[in-house]
Structure formats: structure tokens, C-alpha cells
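Novice: Sharing query.pdb below, PDB, C-alpha atoms and all ligand atoms:
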```
MODEL        1
ATOM      1  CA  MET A   1      -2.168 -16.782-108.864
ATOM      2  CA  GLU A   2      -0.916 -20.265-108.593
ATOM      3  CA  GLY A   3       1.544 -20.744-105.729
ATOM      4  CA  LYS A   4       0.176 -17.939-103.533
ATOM      5  CA  PRO A   5      -1.202 -19.582-100.415
ATOM      6  CA  GLU A   6      -3.877 -16.879-100.104
ATOM      7  CA  ASP A   7      -5.362 -17.922-103.378
ATOM      8  CA  ASP A   8      -4.935 -21.648-103.323
ATOM      9  CA  GLY A   9      -8.576 -22.185-102.903
ATOM     10  CA  GLY A  10      -8.076 -24.459 -99.922
ATOM     11  CA  ASP A  11      -9.798 -24.171 -96.616
ATOM     12  CA  LEU A  12      -6.586 -23.050 -94.897
ATOM     13  CA  THR A  13      -5.048 -20.007 -96.617
ATOM     14  CA  ARG A  14      -1.795 -18.470 -95.365
ATOM     15  CA  ARG A  15      -3.614 -15.280 -94.389
ATOM     16  CA  GLY A  16      -6.233 -17.317 -92.599
ATOM     17  CA  PHE A  17      -3.568 -19.446 -90.929
ATOM     18  CA  LEU A  18      -1.591 -16.397 -89.723
ATOM     19  CA  GLY A  19      -4.756 -14.734 -88.532
ATOM     20  CA  GLY A  20      -5.656 -17.829 -86.586
ATOM     21  CA  THR A  21      -2.149 -18.108 -85.152
ATOM     22  CA  GLY A  22      -2.233 -14.486 -84.070
ATOM     23  CA  ALA A  23      -5.459 -15.056 -82.243
ATOM     24  CA  ALA A  24      -3.965 -18.116 -80.579
ATOM     25  CA  LEU A  25      -0.883 -16.159 -79.494
ATOM     26  CA  VAL A  26      -2.978 -13.405 -78.003
ATOM     27  CA  VAL A  27      -4.872 -15.962 -75.976
ATOM     28  CA  ALA A  28      -1.615 -17.661 -74.905
ATOM     29  CA  GLY A  29      -0.190 -14.297 -73.922
ATOM     30  CA  VAL A  30      -2.955 -13.490 -71.483
ATOM     31  CA  PRO A  31      -1.414 -13.772 -68.027
ATOM     32  CA  THR A  32      -2.963 -16.175 -65.609
ATOM     33  CA  LEU A  33      -2.974 -16.296 -61.870
ATOM     34  CA  GLY A  34      -3.965 -19.438 -60.110
ATOM     35  CA  GLY A  35      -5.252 -20.817 -63.407
ATOM     36  CA  VAL A  36      -7.649 -17.887 -63.905
ATOM     37  CA  GLY A  37      -7.313 -15.942 -67.164
ATOM     38  CA  VAL A  38      -6.853 -12.220 -66.565
ATOM     39  CA  GLU A  39      -9.173 -10.079 -68.664
ATOM     40  CA  GLU A  40      -8.548  -6.560 -69.883
ATOM     41  CA  GLU A  41     -11.118  -5.043 -67.541
ATOM     42  CA  GLY A  42     -12.333  -5.658 -64.037
ATOM     43  CA  VAL A  43     -10.805  -8.979 -63.072
ATOM     44  CA  SER A  44      -7.275  -7.908 -64.024
ATOM     45  CA  THR A  45      -7.450  -4.890 -61.755
ATOM     46  CA  GLN A  46      -8.668  -7.030 -58.889
ATOM     47  CA  LEU A  47      -5.900  -9.588 -59.320
ATOM     48  CA  LEU A  48      -3.135  -7.011 -59.746
ATOM     49  CA  GLU A  49      -4.301  -5.270 -56.603
ATOM     50  CA  ALA A  50      -4.119  -8.612 -54.845
ATOM     51  CA  VAL A  51      -0.317  -8.897 -55.267
ATOM     52  CA  PRO A  52       0.996  -9.002 -51.695
ATOM     53  CA  GLN A  53       3.233  -6.133 -50.709
ATOM     54  CA  THR A  54       5.362  -5.504 -47.641
ATOM     55  CA  ALA A  55       6.903  -2.343 -46.254
ATOM     56  CA  ILE A  56      10.627  -2.804 -45.691
ATOM     57  CA  ARG A  57      13.477  -0.668 -44.440
ATOM     58  CA  VAL A  58      16.883  -1.362 -45.921
ATOM     59  CA  THR A  59      20.189   0.452 -45.955
ATOM     60  CA  VAL A  60      21.803   0.364 -49.373
ATOM     61  CA  ASN A  61      25.341   1.685 -49.716
ATOM     62  CA  GLY A  62      24.836   3.717 -46.544
ATOM     63  CA  THR A  63      21.477   5.235 -47.534
ATOM     64  CA  GLU A  64      18.295   4.157 -45.793
ATOM     65  CA  HIS A  65      15.274   3.288 -47.944
ATOM     66  CA  ARG A  66      11.757   2.768 -46.590
ATOM     67  CA  VAL A  67       9.795   1.222 -49.416
ATOM     68  CA  GLU A  68       6.795  -0.915 -50.210
ATOM     69  CA  VAL A  69       7.947  -3.944 -52.194
ATOM     70  CA  GLU A  70       5.974  -6.677 -53.863
ATOM     71  CA  ASP A  71       6.673  -9.910 -52.021
ATOM     72  CA  ARG A  72       7.657 -11.569 -55.310
ATOM     73  CA  TRP A  73      10.438  -9.091 -56.152
ATOM     74  CA  THR A  74      13.946 -10.426 -55.972
ATOM     75  CA  LEU A  75      16.580  -8.295 -54.320
ATOM     76  CA  ASN A  76      18.124  -7.805 -57.752
ATOM     77  CA  GLU A  77      14.842  -6.493 -59.176
ATOM     78  CA  PHE A  78      14.522  -4.118 -56.259
ATOM     79  CA  LEU A  79      18.076  -2.822 -56.668
ATOM     80  CA  ARG A  80      18.130  -2.542 -60.453
ATOM     81  CA  ASP A  81      14.545  -1.718 -61.376
ATOM     82  CA  HIS A  82      13.323   0.247 -58.392
ATOM     83  CA  ILE A  83      16.246   2.197 -56.945
ATOM     84  CA  GLY A  84      18.353   2.386 -60.091
ATOM     85  CA  LEU A  85      21.460   0.488 -58.967
ATOM     86  CA  THR A  86      22.251  -1.425 -62.131
ATOM     87  CA  GLY A  87      25.760  -2.505 -61.176
ATOM     88  CA  SER A  88      24.782  -6.014 -60.136
ATOM     89  CA  LYS A  89      24.103  -8.063 -63.258
ATOM     90  CA  ILE A  90      21.799 -10.895 -64.157
ATOM     91  CA  GLY A  91      23.620 -13.773 -65.822
ATOM     92  CA  CYS A  92      21.799 -17.033 -65.194
ATOM     93  CA  ASN A  93      18.988 -15.711 -62.950
ATOM     94  CA  ARG A  94      18.941 -19.024 -61.093
ATOM     95  CA  GLY A  95      21.703 -19.003 -58.504
ATOM     96  CA  GLU A  96      24.543 -20.470 -60.539
ATOM     97  CA  CYS A  97      26.835 -17.771 -61.948
ATOM     98  CA  GLY A  98      27.316 -15.129 -59.239
ATOM     99  CA  ALA A  99      27.043 -12.103 -61.551
ATOM    100  CA  CYS A 100      24.310 -10.711 -59.291
ATOM    101  CA  THR A 101      26.299 -10.969 -56.038
ATOM    102  CA  VAL A 102      25.808  -8.220 -53.457
ATOM    103  CA  LEU A 103      26.655  -8.086 -49.774
ATOM    104  CA  LEU A 104      23.876  -8.608 -47.237
ATOM    105  CA  ASP A 105      25.124  -7.730 -43.768
ATOM    106  CA  GLY A 106      28.629  -8.268 -45.128
ATOM    107  CA  GLU A 107      27.970 -11.709 -46.601
ATOM    108  CA  PRO A 108      27.900 -12.290 -50.366
ATOM    109  CA  VAL A 109      24.475 -13.419 -51.617
ATOM    110  CA  TYR A 110      23.007 -14.060 -55.040
ATOM    111  CA  SER A 111      20.550 -11.186 -55.403
ATOM    112  CA  CYS A 112      18.677 -13.074 -58.150
ATOM    113  CA  SER A 113      17.774 -15.754 -55.634
ATOM    114  CA  THR A 114      17.110 -13.556 -52.605
ATOM    115  CA  LEU A 115      13.733 -11.923 -52.078
ATOM    116  CA  ALA A 116      13.731  -8.200 -51.380
ATOM    117  CA  VAL A 117      11.502  -8.744 -48.311
ATOM    118  CA  TRP A 118      14.220 -10.933 -46.774
ATOM    119  CA  ALA A 119      16.482  -7.858 -46.694
ATOM    120  CA  ASP A 120      14.159  -5.998 -44.322
ATOM    121  CA  GLY A 121      16.162  -4.335 -41.563
ATOM    122  CA  ARG A 122      19.463  -5.327 -43.141
ATOM    123  CA  GLU A 123      22.396  -3.630 -44.806
ATOM    124  CA  ILE A 124      23.156  -4.091 -48.480
ATOM    125  CA  VAL A 125      26.309  -3.129 -50.323
ATOM    126  CA  THR A 126      26.408  -3.208 -54.105
ATOM    127  CA  VAL A 127      29.331  -2.601 -56.430
ATOM    128  CA  GLU A 128      28.336   1.080 -56.545
ATOM    129  CA  GLY A 129      29.053   1.198 -52.806
ATOM    130  CA  LEU A 130      32.728   0.306 -53.194
ATOM    131  CA  GLU A 131      33.641   3.776 -54.401
ATOM    132  CA  ARG A 132      34.860   6.235 -51.789
ATOM    133  CA  GLY A 133      34.777   9.951 -52.540
ATOM    134  CA  GLY A 134      35.085   9.371 -56.261
ATOM    135  CA  ASP A 135      37.945   6.891 -55.921
ATOM    136  CA  VAL A 136      37.724   3.208 -56.716
ATOM    137  CA  SER A 137      38.557   0.769 -53.937
ATOM    138  CA  PRO A 138      42.030  -0.827 -53.834
ATOM    139  CA  LEU A 139      40.408  -4.046 -55.028
ATOM    140  CA  GLN A 140      38.819  -2.323 -58.010
ATOM    141  CA  GLN A 141      42.175  -0.709 -58.795
ATOM    142  CA  ALA A 142      43.872  -4.108 -58.621
ATOM    143  CA  PHE A 143      41.260  -5.551 -61.018
ATOM    144  CA  MET A 144      42.184  -2.809 -63.475
ATOM    145  CA  ASP A 145      45.937  -3.214 -62.959
ATOM    146  CA  HIS A 146      45.767  -6.987 -63.497
ATOM    147  CA  ASN A 147      43.234  -6.983 -66.353
ATOM    148  CA  ALA A 148      40.881  -9.023 -64.236
ATOM    149  CA  ALA A 149      37.915  -7.808 -66.276
ATOM    150  CA  GLN A 150      37.681  -8.935 -69.890
ATOM    151  CA  CYS A 151      34.081  -8.473 -71.007
ATOM    152  CA  GLY A 152      33.440  -7.305 -67.453
ATOM    153  CA  PHE A 153      30.001  -8.851 -67.078
ATOM    154  CA  CYS A 154      30.970 -11.016 -64.115
ATOM    155  CA  THR A 155      33.156  -8.310 -62.558
ATOM    156  CA  PRO A 156      30.637  -6.667 -60.190
ATOM    157  CA  GLY A 157      29.874 -10.044 -58.637
ATOM    158  CA  GLN A 158      33.548 -10.996 -58.484
ATOM    159  CA  LEU A 159      34.336  -7.705 -56.745
ATOM    160  CA  MET A 160      31.641  -8.179 -54.113
ATOM    161  CA  THR A 161      32.676 -11.726 -53.234
ATOM    162  CA  ALA A 162      36.343 -10.715 -53.081
ATOM    163  CA  THR A 163      35.462  -7.671 -50.983
ATOM    164  CA  ALA A 164      33.729  -9.892 -48.428
ATOM    165  CA  LEU A 165      36.719 -12.242 -48.424
ATOM    166  CA  LEU A 166      39.246  -9.478 -47.793
ATOM    167  CA  ASP A 167      37.094  -7.972 -45.058
ATOM    168  CA  ARG A 168      37.028 -11.409 -43.385
ATOM    169  CA  ILE A 169      40.576 -12.565 -44.212
ATOM    170  CA  PRO A 170      42.804  -9.559 -44.968
ATOM    171  CA  GLN A 171      45.752 -11.692 -46.152
ATOM    172  CA  PRO A 172      44.270 -14.769 -47.823
ATOM    173  CA  THR A 173      46.290 -17.518 -49.446
ATOM    174  CA  THR A 174      45.845 -18.329 -53.119
ATOM    175  CA  GLY A 175      43.837 -21.372 -52.080
ATOM    176  CA  GLU A 176      41.565 -19.286 -49.871
ATOM    177  CA  VAL A 177      40.929 -16.858 -52.719
ATOM    178  CA  ARG A 178      40.095 -19.663 -55.121
ATOM    179  CA  GLU A 179      37.803 -21.296 -52.590
ATOM    180  CA  ALA A 180      35.989 -18.057 -51.754
ATOM    181  CA  MET A 181      35.445 -17.214 -55.430
ATOM    182  CA  VAL A 182      34.170 -20.624 -56.481
ATOM    183  CA  GLY A 183      30.580 -19.370 -56.751
ATOM    184  CA  ASN A 184      31.474 -16.651 -59.254
ATOM    185  CA  LEU A 185      31.786 -17.913 -62.798
ATOM    186  CA  CYS A 186      33.621 -16.059 -65.538
ATOM    187  CA  ARG A 187      32.648 -16.965 -69.082
ATOM    188  CA  CYS A 188      35.872 -15.337 -70.294
ATOM    189  CA  SER A 189      37.733 -17.824 -68.061
ATOM    190  CA  ASN A 190      39.829 -15.011 -66.682
ATOM    191  CA  TYR A 191      40.268 -16.783 -63.361
ATOM    192  CA  ASN A 192      44.042 -16.478 -63.016
ATOM    193  CA  ALA A 193      43.963 -12.708 -63.455
ATOM    194  CA  ILE A 194      41.068 -12.409 -61.004
ATOM    195  CA  VAL A 195      42.948 -14.357 -58.319
ATOM    196  CA  GLU A 196      46.100 -12.303 -58.991
ATOM    197  CA  ALA A 197      44.116  -9.100 -58.560
ATOM    198  CA  VAL A 198      42.600 -10.207 -55.254
ATOM    199  CA  LEU A 199      46.028 -11.196 -53.916
ATOM    200  CA  ALA A 200      47.501  -7.890 -55.084
ATOM    201  CA  ALA A 201      44.731  -5.942 -53.351
ATOM    202  CA  ALA A 202      45.389  -7.920 -50.178
ATOM    203  CA  ALA A 203      49.075  -7.049 -50.382
ATOM    204  CA  THR A 204      48.415  -3.334 -50.771
ATOM    205  CA  SER A 205      45.417  -2.734 -48.540
ATOM    206  CA  GLY A 206      44.446  -5.857 -46.636
ATOM    207  CA  SER A 207      40.795  -4.829 -46.806
ATOM    208  CA  GLY A 208      37.978  -5.283 -49.258
ATOM    209  CA  GLY A 209      36.674  -1.843 -48.437
ATOM    210  CA  ALA A 210      32.970  -2.630 -48.169
ATOM    211  CA  GLN A 211      32.764  -0.284 -45.192
TER     212      GLN A 211
HETATM  213  S1  LIG A 301      22.331 -14.150 -61.988
HETATM  214 FE1  LIG A 301      22.285 -14.670 -59.896
HETATM  215  S2  LIG A 301      23.572 -16.385 -59.723
HETATM  216 FE2  LIG A 301      23.508 -15.967 -61.872
HETATM  217  S1  LIG A 302      35.260 -11.036 -67.597
HETATM  218 FE1  LIG A 302      33.807 -11.799 -69.037
HETATM  219  S2  LIG A 302      32.536 -13.095 -67.872
HETATM  220 FE2  LIG A 302      34.145 -12.591 -66.570
ENDMDL
END
```
Spit out the file's structure as C-alpha cells when you get a sec.
Specialist:
Amino acid sequence: MEGKPEDDGGDLTRRGFLGGTGAALVVAGVPTLGGVGVEEEGVSTQLLEAVPQTAIRVTVNGTEHRVEVEDRWTLNEFLRDHIGLTGSKIGCNRGECGACTVLLDGEPVYSCSTLAVWADGREIVTVEGLERGGDVSPLQQAFMDHNAAQCGFCTPGQLMTATALLDRIPQPTTGEVREAMVGNLCRCSNYNAIVEAVLAAAATSGSGGAQ
């Protein structure tokens, strides 16, 4: 029928075009390593087995883990995908937003931009580690009391950075809070409430409560 690309009699029918595109996509989708196409059989197994791995020992929220990690895993991948701690979020995945912040030996780090192997022998605290005996930390309570979470996506990272601040400076000034939190972006622009919550937590507890 006239108008149906399949039947237009030309060399390039729609069905033929889509078939060709599909083939092209399959080829484009084949992973490569070092410029070598990975085949279904044989070579792929060899290359996958060649991914370097390292045995690490880390303490996460007080629990020791001895695990074999691929050297390419980020700390966030390790935490979320391999030990099930999904509290730290991925926002930008390139060290800009702070949603993935966790504490590494008490210091806030972007877990999207930190390799899991770099954490070997070190102590990690995630947002799940702020809870004590089923109770939220004073900082978490202050976030709730001051509506510091709107959509909440940035909140785990905000909490970890603020926790590190309060552990270091129990009674920070407003300026010190703002300065400490500068690496944690909030797309809801809820910055005033976040600063209020941190100051309120400082007034009630004077500690972030990471430990
Ligand atoms: S997800 Fe890590 S800094 Fe944005
Ligand atoms: S509360 Fe929505 S991104 Fe911060």
C-alpha cells in the first residue's frame, strides 16, 4: 500500500532500516576493554576474570567487613550495592552535590568519588549509623523539627557533613555552619532550614553523634 515504508519498493524499507539499526545497536552495545571487543564466549570470560580485585577490611557503622572488592568500585557502590546500605544517595555522581557524603575516619567524603579500596583499614559511618538503639540522633531530630528535609534526597549527605561539623565544633556559629555545609547542595534550596536545624542540634546536644 502506498505510504507504507515497508512496501515503497525502495532499497531502504522501514523494516530493513530498523533491522539494520538494531544490528548496529547490538554492535555498539558490546562492551570493550582496552579497545578490544568482548565476545559472548571465551574472550569475555578472560577479560572479566582480569578485573583487578583487592581484599579490604573496613568498619562500617561499627561492624567489621572483610571483603574482596573490585578496584574500580566506588565507596558508594560498595556501600549501596554490596552491603545494602542505601542511605547515601547518588545525585551528580561526579563530586559536586554531596548527596553521597559519608564519614571516613570522621571526615566527610564524597563516596561517589572515593574508591572502596582507599577505605581499607578505615572506619566508615553512613547515615544508617547515626541511629542509636532505635532512636534518631539529636541532629536528625532537629532536621525533622525544623523541616530541613523537603524532598529529602540531599538529607543523608547534609546530615553526615553536619555530624562531622558538630563532632569537631560542638557550638558552631551560623557562619561556621554555612561554611562547613558549602559542599552539600540542596535542589529544594532549603538552606535556611538546614542551617537552623544544625544550630538547634548544637544548642541541645553539642555533638553530631557519629560515635
Ligand atoms: S553524588 Fe557524590 S557528590 Fe554528587
Ligand atoms: S531537600 Fe530536596 S534536595 Fe535537599
Novice: One decimal, in Å: what's the spacing between atom CA of Thr174 of chain A and atom CA of Leu199 of chain A?
Specialist: 7.2 Å
Novice: Hey, could you pull the box centre and edge lengths for segment 179-184 of chain A, axis-aligned, 6 Å padding per side, all listed atoms, to one decimal in Å, as JSON?
Specialist:
```
{"center_x": 34.2, "center_y": -19.0, "center_z": -55.5, "size_x": 19.2, "size_y": 16.6, "size_z": 19.5}
```
Novice: Show me which residues line ligand LIG 301 (chain A), defined as having an atom within 7 Å of a ligand atom where all atoms listed in the file count, and present them as a list in words.
Specialist: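 So the residues close to ligand LIG 301 (chain A) are Lys89, Ile90, Gly91, Cys92, Asn93, Arg94, Gly95, Glu96, Cys97, Gly98, Ala99, Cys100, Thr101, Tyr110, Ser111, Cys112 and Ser113 of chain A.
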Novice: Please identify every polymer residue within 8 Å of ligand LIG 302 (chain A), using all atoms listed in the file, and present the set as a PyMOL selection string.
Specialist: chain A and resi 148-155+185-190
Novice: Which residue, A:Pro156, A:Gly106, A:Pro52, A:Gly87, has the smallest gap to Arg122 of chain A when you use all atoms listed in the file?
Specialist: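 Among A:Pro156, A:Gly106, A:Pro52, A:Gly87, it is A:Gly106 that comes nearest to Arg122 of chain A.
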Novice: What residues have an atom no more than 10 Å from (9.3, -8.4, -52.9) in the file's own frame, counting only C-alpha atoms, and can you write them as a list in words?
Specialist: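 Every residue inside that radius is included here: Val51, Pro52, Gln53, Thr54, Ala55, Ile56, Glu68, Val69, Glu70, Asp71, Arg72, Trp73, Thr74, Leu75, Glu77, Phe78, Thr114, Leu115, Ala116, Val117, Trp118 and Ala119 of chain A.
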Novice: For atom CA of Asp120 of chain A and atom CA of Glu64 of chain A, determine how far apart the two atoms are, in Å to one decimal place.
Specialist: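 About the pair atom CA of Asp120 of chain A and atom CA of Glu64 of chain A: they are 11.1 Å apart.
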Novice: What is the distance, in Å and to one decimal place, between atom CA of Arg132 of chain A and atom CA of Gly175 of chain A?
Specialist: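 Going from atom CA of Arg132 of chain A over to atom CA of Gly175 of chain A covers 29.0 Å.
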Novice: Would you please work out which residue, of A:Ala200, A:Val67, A:Met181, A:Val60, is nearest to Ala164 of chain A when using all atoms listed in the file?
Specialist: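 The shortest atom-to-atom distance to Ala164 of chain A comes from A:Met181.
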Novice: Which residues, named as in the file, does the PyMOL selection byres (((chain A and resi 130) around 10) and not hetatm) pick out? Answer as a VMD selection string.
Specialist: chain A and resid 61 125 to 129 131 to 140 159 to 160 163 208 to 211
Novice: Rank nothing, just name the residue among A:Ile169, A:Phe143, A:Arg178, A:Arg57 nearest to Ala197 of chain A, using only C-alpha atoms.
Specialist: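 With only C-alpha atoms as the atom set, the closest residue is A:Phe143.
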